[in-house]
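Visitor: Following this line is my_file01.txt, made up of compact mmCIF, N, CA and C atoms:
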# COMPACT_ATOMS: atom_id res chain seq x y z
N MET A 196 -26.93 24.28 -8.86
CA MET A 196 -27.35 24.46 -7.49
C MET A 196 -27.79 23.15 -6.86
N ALA A 197 -28.25 22.20 -7.69
CA ALA A 197 -28.68 20.92 -7.13
C ALA A 197 -27.52 20.19 -6.47
N TYR A 198 -26.33 20.40 -6.99
CA TYR A 198 -25.17 19.73 -6.41
C TYR A 198 -24.83 20.28 -5.03
N LYS A 199 -25.22 21.51 -4.75
CA LYS A 199 -24.89 22.13 -3.47
C LYS A 199 -26.03 22.10 -2.47
N SER A 200 -27.25 21.92 -2.95
CA SER A 200 -28.39 22.03 -2.03
C SER A 200 -29.06 20.69 -1.71
N ILE A 201 -28.76 19.65 -2.47
CA ILE A 201 -29.40 18.36 -2.24
C ILE A 201 -28.39 17.39 -1.64
N PRO A 202 -28.68 16.89 -0.44
CA PRO A 202 -27.76 15.93 0.16
C PRO A 202 -27.88 14.57 -0.53
N GLY A 203 -26.85 13.79 -0.41
CA GLY A 203 -26.91 12.44 -0.98
C GLY A 203 -25.75 12.17 -1.90
N ARG A 204 -25.84 11.02 -2.54
CA ARG A 204 -24.78 10.60 -3.43
C ARG A 204 -24.76 11.45 -4.70
N LYS A 205 -23.59 11.53 -5.30
CA LYS A 205 -23.40 12.35 -6.50
C LYS A 205 -24.33 11.92 -7.63
N TYR A 206 -24.53 10.61 -7.79
CA TYR A 206 -25.39 10.13 -8.86
C TYR A 206 -26.80 10.70 -8.74
N TRP A 207 -27.38 10.70 -7.53
CA TRP A 207 -28.74 11.19 -7.35
C TRP A 207 -28.82 12.71 -7.50
N ARG A 208 -27.78 13.41 -7.10
CA ARG A 208 -27.76 14.86 -7.33
C ARG A 208 -27.71 15.15 -8.83
N LYS A 209 -26.95 14.32 -9.56
CA LYS A 209 -26.86 14.47 -11.01
C LYS A 209 -28.22 14.22 -11.66
N VAL A 210 -28.93 13.19 -11.18
CA VAL A 210 -30.25 12.87 -11.73
C VAL A 210 -31.23 14.02 -11.45
N VAL A 211 -31.21 14.55 -10.24
CA VAL A 211 -32.09 15.67 -9.90
C VAL A 211 -31.77 16.87 -10.77
N HIS A 212 -30.49 17.18 -10.95
CA HIS A 212 -30.05 18.29 -11.80
C HIS A 212 -30.57 18.09 -13.22
N LEU A 213 -30.42 16.90 -13.74
CA LEU A 213 -30.84 16.56 -15.10
C LEU A 213 -32.35 16.71 -15.26
N VAL A 214 -33.11 16.17 -14.32
CA VAL A 214 -34.58 16.19 -14.42
C VAL A 214 -35.12 17.61 -14.24
N LEU A 215 -34.59 18.35 -13.30
CA LEU A 215 -35.06 19.73 -13.11
C LEU A 215 -34.81 20.58 -14.35
N HIS A 216 -33.64 20.40 -14.95
CA HIS A 216 -33.35 21.16 -16.17
C HIS A 216 -34.19 20.69 -17.36
N LEU A 217 -34.51 19.40 -17.40
CA LEU A 217 -35.40 18.91 -18.46
C LEU A 217 -36.79 19.52 -18.30
N MET A 218 -37.27 19.60 -17.07
CA MET A 218 -38.58 20.23 -16.81
C MET A 218 -38.55 21.70 -17.19
N ALA A 219 -37.47 22.39 -16.87
CA ALA A 219 -37.34 23.81 -17.23
C ALA A 219 -37.29 23.98 -18.75
N LEU A 220 -36.56 23.09 -19.42
CA LEU A 220 -36.48 23.16 -20.88
C LEU A 220 -37.86 22.92 -21.50
N ALA A 221 -38.57 21.92 -21.02
CA ALA A 221 -39.92 21.64 -21.53
C ALA A 221 -40.85 22.83 -21.29
N SER A 222 -40.74 23.45 -20.12
CA SER A 222 -41.57 24.63 -19.83
C SER A 222 -41.22 25.79 -20.76
N GLY A 223 -39.93 25.98 -21.02
CA GLY A 223 -39.51 27.05 -21.93
C GLY A 223 -40.00 26.83 -23.34
N ILE A 224 -39.90 25.60 -23.83
CA ILE A 224 -40.39 25.29 -25.18
C ILE A 224 -41.90 25.48 -25.24
N PHE A 225 -42.61 25.05 -24.20
CA PHE A 225 -44.06 25.25 -24.13
C PHE A 225 -44.39 26.75 -24.18
N GLY A 226 -43.63 27.55 -23.43
CA GLY A 226 -43.85 28.99 -23.42
C GLY A 226 -43.64 29.64 -24.78
N VAL A 227 -42.61 29.22 -25.48
CA VAL A 227 -42.35 29.75 -26.82
C VAL A 227 -43.48 29.36 -27.77
N CYS A 228 -43.92 28.11 -27.69
CA CYS A 228 -45.04 27.65 -28.53
C CYS A 228 -46.30 28.45 -28.25
N MET A 229 -46.58 28.72 -26.98
CA MET A 229 -47.77 29.48 -26.62
C MET A 229 -47.66 30.93 -27.10
N ALA A 230 -46.47 31.49 -27.08
CA ALA A 230 -46.28 32.85 -27.58
C ALA A 230 -46.58 32.92 -29.08
N PHE A 231 -46.07 31.94 -29.83
CA PHE A 231 -46.37 31.90 -31.27
C PHE A 231 -47.87 31.70 -31.50
N LYS A 232 -48.49 30.81 -30.74
CA LYS A 232 -49.92 30.56 -30.89
C LYS A 232 -50.73 31.83 -30.60
N PHE A 233 -50.36 32.53 -29.53
CA PHE A 233 -51.06 33.78 -29.18
C PHE A 233 -50.91 34.81 -30.29
N HIS A 234 -49.70 34.95 -30.82
CA HIS A 234 -49.48 35.92 -31.89
C HIS A 234 -50.31 35.58 -33.13
N HIS A 235 -50.43 34.29 -33.44
CA HIS A 235 -51.22 33.89 -34.60
C HIS A 235 -52.71 34.13 -34.36
N GLU A 236 -53.18 33.93 -33.13
CA GLU A 236 -54.59 34.14 -32.83
C GLU A 236 -54.99 35.60 -32.94
N ILE A 237 -54.12 36.51 -32.54
CA ILE A 237 -54.46 37.93 -32.63
C ILE A 237 -53.89 38.58 -33.89
N LYS A 238 -53.35 37.74 -34.78
CA LYS A 238 -52.81 38.18 -36.07
C LYS A 238 -51.70 39.23 -35.89
N LEU A 239 -50.76 38.90 -35.02
CA LEU A 239 -49.60 39.75 -34.77
C LEU A 239 -48.37 39.06 -35.36
N SER A 240 -47.52 39.83 -36.00
CA SER A 240 -46.31 39.26 -36.59
C SER A 240 -45.40 38.71 -35.50
N ASP A 241 -44.65 37.67 -35.86
CA ASP A 241 -43.72 37.05 -34.92
C ASP A 241 -42.33 37.66 -35.06
N LEU A 242 -41.57 37.53 -33.99
CA LEU A 242 -40.15 37.89 -33.98
C LEU A 242 -39.86 39.33 -34.40
N LEU A 243 -40.66 40.24 -33.88
CA LEU A 243 -40.44 41.65 -34.18
C LEU A 243 -39.58 42.35 -33.14
N SER A 244 -39.58 41.84 -31.93
CA SER A 244 -38.90 42.55 -30.84
C SER A 244 -37.59 41.87 -30.46
N LEU A 245 -36.75 42.63 -29.80
CA LEU A 245 -35.50 42.08 -29.27
C LEU A 245 -35.80 40.99 -28.24
N HIS A 246 -36.88 41.15 -27.50
CA HIS A 246 -37.30 40.17 -26.50
C HIS A 246 -37.53 38.80 -27.16
N SER A 247 -38.19 38.78 -28.29
CA SER A 247 -38.46 37.50 -28.96
C SER A 247 -37.19 36.89 -29.54
N TRP A 248 -36.32 37.70 -30.09
CA TRP A 248 -35.06 37.19 -30.65
C TRP A 248 -34.20 36.57 -29.56
N ILE A 249 -34.02 37.32 -28.48
CA ILE A 249 -33.18 36.82 -27.39
C ILE A 249 -33.83 35.60 -26.74
N GLY A 250 -35.15 35.58 -26.68
CA GLY A 250 -35.84 34.42 -26.13
C GLY A 250 -35.56 33.16 -26.94
N LEU A 251 -35.61 33.26 -28.24
CA LEU A 251 -35.30 32.09 -29.08
C LEU A 251 -33.84 31.68 -28.96
N ILE A 252 -32.96 32.65 -28.88
CA ILE A 252 -31.54 32.34 -28.69
C ILE A 252 -31.34 31.64 -27.36
N ALA A 253 -31.97 32.15 -26.31
CA ALA A 253 -31.81 31.57 -24.97
C ALA A 253 -32.33 30.13 -24.92
N ILE A 254 -33.51 29.88 -25.46
CA ILE A 254 -34.07 28.52 -25.38
C ILE A 254 -33.27 27.56 -26.26
N SER A 255 -32.75 28.05 -27.38
CA SER A 255 -31.93 27.20 -28.25
C SER A 255 -30.62 26.84 -27.57
N LEU A 256 -29.96 27.83 -26.96
CA LEU A 256 -28.71 27.55 -26.24
C LEU A 256 -28.96 26.63 -25.05
N TYR A 257 -30.08 26.83 -24.38
CA TYR A 257 -30.42 25.99 -23.23
C TYR A 257 -30.62 24.54 -23.66
N ALA A 258 -31.30 24.34 -24.79
CA ALA A 258 -31.50 22.98 -25.30
C ALA A 258 -30.16 22.35 -25.67
N PHE A 259 -29.30 23.12 -26.33
CA PHE A 259 -27.98 22.60 -26.68
C PHE A 259 -27.19 22.24 -25.43
N GLN A 260 -27.24 23.09 -24.42
CA GLN A 260 -26.52 22.85 -23.16
C GLN A 260 -27.04 21.58 -22.48
N TRP A 261 -28.35 21.37 -22.50
CA TRP A 261 -28.92 20.18 -21.87
C TRP A 261 -28.49 18.92 -22.61
N ILE A 262 -28.57 18.95 -23.93
CA ILE A 262 -28.16 17.78 -24.73
C ILE A 262 -26.68 17.49 -24.53
N PHE A 263 -25.87 18.53 -24.55
CA PHE A 263 -24.43 18.38 -24.32
C PHE A 263 -24.17 17.75 -22.95
N GLY A 264 -24.80 18.29 -21.93
CA GLY A 264 -24.62 17.76 -20.57
C GLY A 264 -25.11 16.34 -20.43
N PHE A 265 -26.21 16.01 -21.10
CA PHE A 265 -26.75 14.65 -21.01
C PHE A 265 -25.75 13.64 -21.56
N PHE A 266 -25.19 13.93 -22.73
CA PHE A 266 -24.28 12.95 -23.35
C PHE A 266 -22.88 12.95 -22.77
N VAL A 267 -22.42 14.08 -22.25
CA VAL A 267 -21.08 14.12 -21.68
C VAL A 267 -21.06 13.62 -20.24
N TYR A 268 -22.08 13.98 -19.45
CA TYR A 268 -22.04 13.70 -18.02
C TYR A 268 -22.96 12.56 -17.57
N PHE A 269 -23.92 12.19 -18.38
CA PHE A 269 -24.88 11.19 -17.90
C PHE A 269 -24.89 9.92 -18.74
N PHE A 270 -25.30 10.02 -19.98
CA PHE A 270 -25.42 8.82 -20.81
C PHE A 270 -24.75 9.03 -22.15
N PRO A 271 -23.83 8.32 -22.60
CA PRO A 271 -23.09 7.27 -21.90
C PRO A 271 -22.02 7.85 -20.99
N GLY A 272 -21.75 9.15 -21.12
CA GLY A 272 -20.76 9.79 -20.27
C GLY A 272 -19.38 9.70 -20.87
N ALA A 273 -18.69 10.80 -20.89
CA ALA A 273 -17.32 10.84 -21.40
C ALA A 273 -16.38 10.29 -20.34
N GLU A 274 -15.15 10.09 -20.73
CA GLU A 274 -14.16 9.62 -19.76
C GLU A 274 -13.95 10.69 -18.69
N SER A 275 -13.50 10.27 -17.54
CA SER A 275 -13.41 11.14 -16.37
C SER A 275 -12.58 12.40 -16.63
N ARG A 276 -11.45 12.24 -17.28
CA ARG A 276 -10.57 13.39 -17.54
C ARG A 276 -11.26 14.40 -18.45
N ARG A 277 -11.94 13.92 -19.47
CA ARG A 277 -12.63 14.81 -20.40
C ARG A 277 -13.78 15.53 -19.70
N ARG A 278 -14.53 14.82 -18.85
CA ARG A 278 -15.61 15.47 -18.09
C ARG A 278 -15.05 16.57 -17.20
N GLY A 279 -13.92 16.29 -16.55
CA GLY A 279 -13.29 17.30 -15.70
C GLY A 279 -12.84 18.52 -16.47
N ASN A 280 -12.33 18.30 -17.68
CA ASN A 280 -11.90 19.44 -18.50
C ASN A 280 -13.07 20.26 -19.01
N MET A 281 -14.19 19.61 -19.24
CA MET A 281 -15.36 20.32 -19.78
C MET A 281 -16.22 20.97 -18.70
N LEU A 282 -16.07 20.54 -17.46
CA LEU A 282 -16.94 21.05 -16.39
C LEU A 282 -16.92 22.57 -16.24
N PRO A 283 -15.73 23.23 -16.22
CA PRO A 283 -15.77 24.70 -16.09
C PRO A 283 -16.54 25.37 -17.24
N TRP A 284 -16.43 24.81 -18.44
CA TRP A 284 -17.16 25.38 -19.57
C TRP A 284 -18.66 25.13 -19.45
N HIS A 285 -19.01 23.96 -18.95
CA HIS A 285 -20.42 23.64 -18.74
C HIS A 285 -21.03 24.59 -17.70
N VAL A 286 -20.30 24.83 -16.63
CA VAL A 286 -20.78 25.75 -15.59
C VAL A 286 -20.86 27.17 -16.14
N TYR A 287 -19.80 27.61 -16.86
CA TYR A 287 -19.78 28.97 -17.41
C TYR A 287 -20.97 29.19 -18.35
N PHE A 288 -21.16 28.28 -19.30
CA PHE A 288 -22.26 28.46 -20.25
C PHE A 288 -23.62 28.32 -19.57
N GLY A 289 -23.70 27.52 -18.51
CA GLY A 289 -24.95 27.46 -17.75
C GLY A 289 -25.28 28.80 -17.12
N ILE A 290 -24.27 29.43 -16.50
CA ILE A 290 -24.47 30.76 -15.92
C ILE A 290 -24.80 31.78 -17.01
N PHE A 291 -24.06 31.71 -18.11
CA PHE A 291 -24.27 32.64 -19.23
C PHE A 291 -25.69 32.54 -19.77
N ILE A 292 -26.17 31.33 -19.99
CA ILE A 292 -27.53 31.13 -20.51
C ILE A 292 -28.56 31.59 -19.49
N PHE A 293 -28.31 31.33 -18.21
CA PHE A 293 -29.22 31.81 -17.17
C PHE A 293 -29.30 33.34 -17.19
N LEU A 294 -28.16 34.00 -17.35
CA LEU A 294 -28.17 35.47 -17.39
C LEU A 294 -28.84 36.00 -18.65
N ILE A 295 -28.68 35.31 -19.78
CA ILE A 295 -29.40 35.69 -20.99
C ILE A 295 -30.91 35.59 -20.75
N ALA A 296 -31.35 34.51 -20.12
CA ALA A 296 -32.77 34.33 -19.84
C ALA A 296 -33.28 35.39 -18.87
N THR A 297 -32.45 35.74 -17.88
CA THR A 297 -32.84 36.79 -16.93
C THR A 297 -32.97 38.13 -17.64
N CYS A 298 -32.00 38.47 -18.47
CA CYS A 298 -32.08 39.72 -19.23
C CYS A 298 -33.30 39.72 -20.14
N ASN A 299 -33.62 38.57 -20.70
CA ASN A 299 -34.79 38.49 -21.57
C ASN A 299 -36.08 38.69 -20.77
N ALA A 300 -36.12 38.16 -19.56
CA ALA A 300 -37.30 38.40 -18.71
C ALA A 300 -37.43 39.89 -18.40
N GLU A 301 -36.30 40.54 -18.13
CA GLU A 301 -36.32 41.99 -17.89
C GLU A 301 -36.79 42.74 -19.14
N LEU A 302 -36.32 42.30 -20.32
CA LEU A 302 -36.79 42.92 -21.56
C LEU A 302 -38.30 42.73 -21.74
N GLY A 303 -38.80 41.56 -21.38
CA GLY A 303 -40.24 41.30 -21.47
C GLY A 303 -41.03 42.23 -20.55
N LEU A 304 -40.51 42.44 -19.35
CA LEU A 304 -41.18 43.38 -18.44
C LEU A 304 -41.16 44.80 -19.01
N LEU A 305 -40.03 45.20 -19.56
CA LEU A 305 -39.92 46.53 -20.17
C LEU A 305 -40.86 46.67 -21.36
N GLN A 306 -40.94 45.64 -22.17
CA GLN A 306 -41.84 45.66 -23.32
C GLN A 306 -43.28 45.79 -22.88
N ARG A 307 -43.67 45.03 -21.85
CA ARG A 307 -45.04 45.11 -21.33
C ARG A 307 -45.31 46.50 -20.75
N PHE A 308 -44.34 47.03 -20.02
CA PHE A 308 -44.46 48.36 -19.42
C PHE A 308 -44.72 49.41 -20.50
N ASN A 309 -43.94 49.34 -21.57
CA ASN A 309 -44.07 50.32 -22.65
C ASN A 309 -45.33 50.10 -23.48
N THR A 310 -45.72 48.84 -23.68
CA THR A 310 -46.92 48.55 -24.47
C THR A 310 -48.17 49.06 -23.77
N LEU A 311 -48.23 48.88 -22.46
CA LEU A 311 -49.42 49.29 -21.72
C LEU A 311 -49.35 50.75 -21.28
N VAL A 312 -48.23 51.43 -21.51
CA VAL A 312 -48.01 52.81 -21.10
C VAL A 312 -48.42 52.99 -19.64
N LEU A 313 -47.70 52.28 -18.76
CA LEU A 313 -48.08 52.26 -17.36
C LEU A 313 -47.66 53.51 -16.59
N GLY A 314 -46.53 54.10 -16.93
CA GLY A 314 -46.10 55.32 -16.28
C GLY A 314 -45.97 55.18 -14.78
N HIS A 315 -46.54 56.14 -14.02
CA HIS A 315 -46.44 56.15 -12.56
C HIS A 315 -47.62 55.46 -11.88
N SER A 316 -48.25 54.56 -12.56
CA SER A 316 -49.41 53.87 -11.99
C SER A 316 -48.97 52.77 -11.02
N GLN A 317 -49.95 52.22 -10.32
CA GLN A 317 -49.66 51.13 -9.40
C GLN A 317 -49.16 49.90 -10.16
N GLN A 318 -49.71 49.63 -11.33
CA GLN A 318 -49.23 48.52 -12.15
C GLN A 318 -47.79 48.75 -12.59
N GLY A 319 -47.44 49.99 -12.89
CA GLY A 319 -46.06 50.31 -13.26
C GLY A 319 -45.10 50.02 -12.12
N LEU A 320 -45.51 50.34 -10.90
CA LEU A 320 -44.67 50.04 -9.73
C LEU A 320 -44.50 48.54 -9.54
N ILE A 321 -45.56 47.78 -9.77
CA ILE A 321 -45.48 46.32 -9.64
C ILE A 321 -44.51 45.75 -10.66
N VAL A 322 -44.58 46.24 -11.90
CA VAL A 322 -43.66 45.79 -12.94
C VAL A 322 -42.22 46.13 -12.55
N ASN A 323 -41.99 47.33 -12.06
CA ASN A 323 -40.64 47.74 -11.67
C ASN A 323 -40.11 46.92 -10.51
N PHE A 324 -40.92 46.68 -9.50
CA PHE A 324 -40.47 45.87 -8.36
C PHE A 324 -40.25 44.41 -8.78
N THR A 325 -41.05 43.93 -9.69
CA THR A 325 -40.83 42.57 -10.21
C THR A 325 -39.47 42.50 -10.90
N GLY A 326 -39.13 43.53 -11.66
CA GLY A 326 -37.82 43.58 -12.31
C GLY A 326 -36.68 43.62 -11.31
N LEU A 327 -36.84 44.38 -10.23
CA LEU A 327 -35.80 44.43 -9.20
C LEU A 327 -35.66 43.09 -8.48
N LEU A 328 -36.78 42.45 -8.17
CA LEU A 328 -36.72 41.13 -7.52
C LEU A 328 -36.08 40.09 -8.44
N LEU A 329 -36.37 40.18 -9.71
CA LEU A 329 -35.75 39.27 -10.68
C LEU A 329 -34.24 39.47 -10.73
N LEU A 330 -33.81 40.71 -10.68
CA LEU A 330 -32.37 41.01 -10.67
C LEU A 330 -31.71 40.46 -9.41
N LEU A 331 -32.34 40.64 -8.25
CA LEU A 331 -31.79 40.11 -7.00
C LEU A 331 -31.76 38.59 -7.00
N TYR A 332 -32.79 37.98 -7.56
CA TYR A 332 -32.83 36.52 -7.68
C TYR A 332 -31.67 36.03 -8.54
N ALA A 333 -31.44 36.67 -9.67
CA ALA A 333 -30.34 36.27 -10.56
C ALA A 333 -28.99 36.41 -9.86
N ALA A 334 -28.81 37.50 -9.13
CA ALA A 334 -27.55 37.69 -8.41
C ALA A 334 -27.35 36.60 -7.36
N THR A 335 -28.42 36.22 -6.69
CA THR A 335 -28.34 35.17 -5.67
C THR A 335 -28.01 33.81 -6.30
N VAL A 336 -28.63 33.51 -7.42
CA VAL A 336 -28.37 32.24 -8.09
C VAL A 336 -26.92 32.16 -8.55
N VAL A 337 -26.43 33.22 -9.18
CA VAL A 337 -25.04 33.22 -9.66
C VAL A 337 -24.08 33.10 -8.49
N LEU A 338 -24.32 33.81 -7.42
CA LEU A 338 -23.47 33.72 -6.24
C LEU A 338 -23.47 32.31 -5.67
N THR A 339 -24.63 31.69 -5.61
CA THR A 339 -24.73 30.32 -5.10
C THR A 339 -23.93 29.35 -5.97
N VAL A 340 -23.96 29.56 -7.27
CA VAL A 340 -23.26 28.65 -8.18
C VAL A 340 -21.74 28.83 -8.09
N ILE A 341 -21.27 30.07 -7.95
CA ILE A 341 -19.82 30.27 -8.01
C ILE A 341 -19.11 30.10 -6.67
N LEU A 342 -19.84 30.20 -5.56
CA LEU A 342 -19.20 30.02 -4.25
C LEU A 342 -18.93 28.55 -3.99
N PRO A 343 -17.89 28.26 -3.23
CA PRO A 343 -17.65 26.86 -2.86
C PRO A 343 -18.80 26.33 -1.99
N PRO A 344 -18.96 25.01 -1.93
CA PRO A 344 -20.10 24.41 -1.23
C PRO A 344 -20.17 24.72 0.27
N LEU A 345 -19.09 25.13 0.89
CA LEU A 345 -19.10 25.35 2.33
C LEU A 345 -19.88 26.60 2.75
N TYR A 346 -20.16 27.50 1.83
CA TYR A 346 -20.84 28.74 2.20
C TYR A 346 -22.30 28.51 2.29
Output the structure of this file as structure tokens.

Guide:
Amino acid sequence: MAYKSIPGRKYWRKVVHLVLHLMALASGIFGVCMAFKFHHEIKLSDLLSLHSWIGLIAISLYAFQWIFGFFVYFFPGAESRRRGNMLPWHVYFGIFIFLIATCNAELGLLQRFNTLVLGHSQQGLIVNFTGLLLLLYAATVVLTVILPPLY
């Protein structure tokens, strides 16, 4: 999305894309570390739920995607033809990993909903609306990425 929403030269859009994803990766790794720390503090076993498994898969794939993108597109950068051939795969796996993360966020909301037994309470409605907003956000992001820049 940085390539479509930030005006300027391609190099600076690439740098913004790289830095924003590095910040997101660091935040994701911090979040996983905090989840493990919380589980150890309350003496809860790790990696029991589908949410935790998919979360680790998502952050691992995201890290691999960032490292791949850094070396192919930024430093030292592959030859132009190879970068062009890899770009559709880079975009596809970026969307795929984003959707995995979105599904995992939805699983986390569902897990919280079931753990707290919210039912028809006001908190249950907030969790449900948060899930719907997350779904609409994901649809908007994917649409923004796949549409040509003129839209």

Visitor: Skipping near chain neighbours, those fewer than 5 positions away, what residues fall within 7 Å of stretch 327-330 of chain A using only N, CA and C atoms, listed as a list in words?

Guide: Thr297, Val322 and Thr335 of chain A

Visitor: Write down as JSON, numbers by chain the residues of stretch 201-263 of chain A whose backbone DSSP state falls under helix (DSSP H, G or I).

Guide: {"A": [205, 206, 207, 208, 209, 210, 211, 212, 213, 214, 215, 216, 217, 218, 219, 220, 221, 222, 223, 224, 225, 226, 227, 228, 229, 230, 231, 232, 233, 234, 235, 236, 245, 246, 247, 248, 249, 250, 251, 252, 253, 254, 255, 256, 257, 258, 259, 260, 261, 262, 263]}

Visitor: For a quick check of understanding, using only C-alpha atoms, which of A:Leu294, A:Gly289, A:Thr339, A:Ile201 has the smallest distance to A:Gly264?

Guide: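 Nearest to A:Gly264: A:Gly289.
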
Visitor: Using only C-alpha atoms, which protein or nucleic acid residues come within 10 Å of A:Val286? Drop anything in the same chain fewer than 4 positions from it, and give the result as a list in words.

Guide: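 Counting only the stated atoms, we get Gln260, Met281, Leu282, Ile290, Phe291, Ile292, Val340 and Ile341 of chain A.
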
Visitor: Those same residues - N, CA and C atoms - I'd like them written as a CSV table (one decimal), in the frame of the given file.

Guide:
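Listed below is the output, again_36.csv:
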chain,number,residue,atom,x,y,z
A,260,GLN,N,-27.2,23.1,-24.4
A,260,GLN,CA,-26.5,22.8,-23.2
A,260,GLN,C,-27.0,21.6,-22.5
A,281,MET,N,-14.2,19.6,-19.2
A,281,MET,CA,-15.4,20.3,-19.8
A,281,MET,C,-16.2,21.0,-18.7
A,282,LEU,N,-16.1,20.5,-17.5
A,282,LEU,CA,-16.9,21.0,-16.4
A,282,LEU,C,-16.9,22.6,-16.2
A,290,ILE,N,-24.3,29.4,-16.5
A,290,ILE,CA,-24.5,30.8,-15.9
A,290,ILE,C,-24.8,31.8,-17.0
A,291,PHE,N,-24.1,31.7,-18.1
A,291,PHE,CA,-24.3,32.6,-19.2
A,291,PHE,C,-25.7,32.5,-19.8
A,292,ILE,N,-26.2,31.3,-20.0
A,292,ILE,CA,-27.5,31.1,-20.5
A,292,ILE,C,-28.6,31.6,-19.5
A,340,VAL,N,-24.0,29.6,-7.3
A,340,VAL,CA,-23.3,28.6,-8.2
A,340,VAL,C,-21.7,28.8,-8.1
A,341,ILE,N,-21.3,30.1,-8.0
A,341,ILE,CA,-19.8,30.3,-8.0
A,341,ILE,C,-19.1,30.1,-6.7

Visitor: What is the distance between atom CA of A:Ser244 and atom CA of A:Gly326, in Å to one decimal?

Guide: 18.6 Å

Visitor: Excluding A:Ile249 and any residue of its chain fewer than 6 positions from it, enumerate the residues within 9 Å of it, using only C-alpha atoms, and give them as a PDB file with N, CA and C atoms, in the coordinates of the input.

Guide:
ATOM      1  N   ILE A 295     -28.680  35.310 -19.780  1.00  0.00           N
ATOM      2  CA  ILE A 295     -29.400  35.690 -20.990  1.00  0.00           C
ATOM      3  C   ILE A 295     -30.910  35.590 -20.750  1.00  0.00           C
ATOM      4  N   ALA A 296     -31.350  34.510 -20.120  1.00  0.00           N
ATOM      5  CA  ALA A 296     -32.770  34.330 -19.840  1.00  0.00           C
ATOM      6  C   ALA A 296     -33.280  35.390 -18.870  1.00  0.00           C
ATOM      7  N   CYS A 298     -32.000  38.470 -18.470  1.00  0.00           N
ATOM      8  CA  CYS A 298     -32.080  39.720 -19.230  1.00  0.00           C
ATOM      9  C   CYS A 298     -33.300  39.720 -20.140  1.00  0.00           C
ATOM     10  N   ASN A 299     -33.620  38.570 -20.700  1.00  0.00           N
ATOM     11  CA  ASN A 299     -34.790  38.490 -21.570  1.00  0.00           C
ATOM     12  C   ASN A 299     -36.080  38.690 -20.770  1.00  0.00           C
TER      13      ASN A 299
END

Visitor: If I take atom CA of A:Asn280 and atom CA of A:Phe293, how far is one from the other in Å, to one decimal?

Guide: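 So the two atoms, atom CA of A:Asn280 and atom CA of A:Phe293, lie 21.3 Å apart.
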
Visitor: Edge lengths and centre in Å to one decimal, as AutoDock Vina command-line options, of the axis-aligned box that encloses all listed atoms of stretch 239-247 of chain A with 3 Å added on every side?

Guide:
--center_x -43.1 --center_y 39.8 --center_z -31.5 --size_x 21.3 --size_y 11.7 --size_z 16.1

Visitor: Just give me the gap between atom CA of A:Tyr206 and atom N of A:Tyr268 in Å, one decimal is fine.

Guide: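 Atom-to-atom, atom CA of A:Tyr206 to atom N of A:Tyr268, that is 11.7 Å.
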
Visitor: From the list A:Gly272, A:Trp207, A:Val227, A:Phe266, which residue is nearest A:Leu251 when using only N, CA and C atoms?

Guide: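 With only N, CA and C atoms as the atom set, the closest residue is A:Val227.
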